[in-house]
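S.K.: Got a structure for you, questions after.
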Amino acid sequence: MARLLLIVCVLCAVIGLAACGDDADAGGTGTAGPAAAFPVTIEHAFGSTTITQAPERVAAWGWGSADAAIALGVVPVAIPFQSYGGDEDGVLPWIAEALEDRGAATPVVLPDSSEEPPYEEIAAAEPDLILAVYSGITREQYELLSKIAPTVAYPGEAWATPWKDTIRIVGTALGRDAEASALLEDIDARLAGKAAEHPELEGKSVAMVWDSAGTFYVYRTADPRVEATLALGLTSAPAVDELASGEETFYYTLSYEQLDRLESDILVSFADTPALSREFLTSSHGRAMSQVKEGRVAEVVGSSFIASVSPPTALSLTWGLDDYVEILAGAAGTTPAP
């Protein structure tokens with residue numbers, strides 16, 4: 001409790017100083033929905049948050065909330081530093097491109113912080129709404145953030161909000177429900193269009209894996225990257241569920257000795273670098289897999305490419321979609337139509 005009070009006192013001082021600053025450098029573009037859309041109340045893991053009027057200065061924390069806001073026409077005043085997949089400034093490529101397309105300046109990039117949100121920097125951005133819809137904030141952290149501005153947390157478990165729900169929740173918080181629905185319809189249409197362009201993918205079974213530092217991960221259908229892939233007409237290989245331990249919802253680990261049992265038409269393999277991808281494909285355990293021996297592997301290589309589907313966001317899913325589908329089509333053993 002003493003720590004909580006100390007942080008609150010510091011935040012109050014920061015907020016007071018920020019309020020005296022010049023709003024001309026505040027950043028952020030676009031406005032939330034019409035005044036008639038408010039107030040709105042959003043239920044989440046720590047209770048509920050009521051947003052009484054259209055927010056004008058939105059801060060984002062965690063993953064995907066900034067993307068959803070930007071896709072819906074609202075550029076946040078502050079976004080989180082993304083060490084995985086981001087550039088040296090912590091900005092993800094699809095966010096950088098979206099901002100450039102909109103002629104918007106890059107928001108304040110909050111300091112890299114894996115333990116807890118950087119409260120002082122968030123307060124200094126003077127937000128009137130904080131979006132942490134897909135994040136890992138604790139109840140104490142939520143309470144501290146709520147001292148700064150109304151905060152919307154995740155609806156269920158930490159780091160487990162489905163990517164479509166992130167878009168819907170952000171849309172509600174911004175008074176842009178209709179726009180959020182239209183955005184989801186557009187993404188679904190893009191996925192359906194790609195599936196139609198590549199009928200060779202229809203019905204093919206897929207297993208999605210990552211061989212990392214001696215541990216072999218297999219992703220299940222509840223994982224967002226698998227969900228988005230199946231939307232292209234593929235099916236989850238029966239072996240994915242048959243070999244599961246039953247303890248993990250989104251993924252499980254598999255011993256190298258069992259890899260030959262993970263049968264599928266296509267194997268999607270993640271790796272941070274080309275060298276790491278080659279290391280897996282040329283290893284004895286990799287070569288034990290029929291997909292590797294027969295060249296039915298879709299290699300997803302590079303932190304940005306992996307991040308774009310892990311999990312996908314309002315901006316990232318379509319950012320890498322063309323390349324991803326081409327890789328899948330190549331693994332299916334059919335040359336894609338031009």
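Each chain in the structure tokens gets a letter, A, B, ..., in the order shown, and its residues are numbered from 1; ligands are numbered from 1 in order too.
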Would you give me, as a ChimeraX atom specification, the residues in stretch 163-275 of chain A that DSSP reads as alpha helix (DSSP H)?

M.R.: /A:163-173,177-197,224-230,238-242,274-275

S.K.: Go through stretch 99-143 of chain A residue by residue and, counting only C-alpha atoms, keep those with an atom at most 10 Å from stretch 38-52 of chain A; for each kept residue give the shortest atom pair and its distance in Å to one decimal, ordered by chain and increasing number, as a Markdown table.

M.R.:
```
| residue | atom | partner | partner_atom | distance |
| --- | --- | --- | --- | --- |
| A:Asp128 | CA | A:Ile51 | CA | 9.1 |
| A:Leu129 | CA | A:Ile51 | CA | 7.9 |
| A:Val133 | CA | A:His44 | CA | 8.7 |
| A:Thr138 | CA | A:Phe46 | CA | 8.9 |
| A:Arg139 | CA | A:Phe46 | CA | 6.5 |
| A:Glu140 | CA | A:Phe46 | CA | 9.8 |
| A:Tyr142 | CA | A:Phe46 | CA | 7.8 |
| A:Glu143 | CA | A:Phe46 | CA | 9.0 |
```

S.K.: Please produce a file of those selected residues containing C-alpha atoms, as a short mmCIF file (atom, residue, chain, number, x, y, z; two decimals), in the first residue's frame.

M.R.:
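result-v9.cif written:
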```
data_model
loop_
_atom_site.label_atom_id
_atom_site.label_comp_id
_atom_site.auth_asym_id
_atom_site.auth_seq_id
_atom_site.Cartn_x
_atom_site.Cartn_y
_atom_site.Cartn_z
CA ASP A 128 -8.05 10.97 -21.33
CA LEU A 129 -8.30 7.26 -22.11
CA VAL A 133 -7.17 -4.39 -24.05
CA THR A 138 -2.29 -6.53 -12.85
CA ARG A 139 -5.12 -5.17 -10.71
CA GLU A 140 -2.68 -2.88 -8.90
CA TYR A 142 -4.85 -1.09 -13.48
CA GLU A 143 -5.68 0.98 -10.40
#
```

S.K.: Would you pick out the contacts of A:Pro162 at 8 Å or less, using only C-alpha atoms, so that residues sharing its chain but fewer than 3 positions from it are not included, and give the list as a VMD selection string?

M.R.: chain A and resid 165 to 166 224

S.K.: Any chance you can output those residues with C-alpha atoms as a short mmCIF file (atom, residue, chain, number, x, y, z; two decimals), in the first residue's frame?

M.R.:
```
data_model
loop_
_atom_site.label_atom_id
_atom_site.label_comp_id
_atom_site.auth_asym_id
_atom_site.auth_seq_id
_atom_site.Cartn_x
_atom_site.Cartn_y
_atom_site.Cartn_z
CA ASP A 165 -12.34 -8.69 -29.76
CA THR A 166 -9.50 -6.19 -29.37
CA PRO A 224 -4.55 -16.41 -33.00
#
```

S.K.: Which neighbours of stretch 203-215 of chain A fall inside 7 Å, counting only C-alpha atoms, when residues of the same chain fewer than 2 positions from it are skipped, and could you give them as a ChimeraX atom specification?

M.R.: /A:201,217-219,233-237,240,253,264-271,280

S.K.: Dump as CSV the rows for residues of stretch 12-121 of chain A within 8 Å of stretch 309-329 of chain A: closest atom pair and distance in Å with one decimal, only C-alpha atoms counted, ordered by chain and rising residue number.

M.R.:
```
residue,atom,partner,partner_atom,distance
A:Gly64,CA,A:Thr313,CA,5.3
A:Asp67,CA,A:Leu315,CA,5.7
A:Ala68,CA,A:Ala314,CA,5.1
A:Ala71,CA,A:Ala314,CA,6.3
A:Trp94,CA,A:Ser316,CA,5.9
A:Ile95,CA,A:Leu315,CA,7.1
A:Ala98,CA,A:Leu315,CA,7.8
```

S.K.: Which one of A:Leu276, A:Ala37, A:Met289, A:Ala228 sits closest to A:Ile187 if you count only C-alpha atoms?

M.R.: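 Using only C-alpha atoms, the shortest distance to A:Ile187 belongs to A:Ala228.
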
S.K.: Have a look at A:Asp188, A:Pro111, A:Asp272, A:Gly193 and name the one nearest to A:Ser303; count only C-alpha atoms.

M.R.: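 Between A:Asp188, A:Pro111, A:Asp272, A:Gly193, the residue approaching A:Ser303 most closely is A:Asp272.
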
S.K.: Can you tell me how far atom CA of A:Ser283 sits from atom CA of A:Glu263, in Å to one decimal?

M.R.: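 We find that atom CA of A:Ser283 and atom CA of A:Glu263 lie 17.5 Å from each other.
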
S.K.: As an exercise, work out the distance from atom CA of A:Gln53 to atom CA of A:Pro150 in Å and give it to one decimal place.

M.R.: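 Spanning atom CA of A:Gln53 to atom CA of A:Pro150 is a straight-line distance of 11.0 Å.
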
S.K.: Using Å and a single decimal, report how far atom CA of A:Ser65 sits from atom CA of A:Ala182.

M.R.: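 Those two atoms sit 17.0 Å apart.
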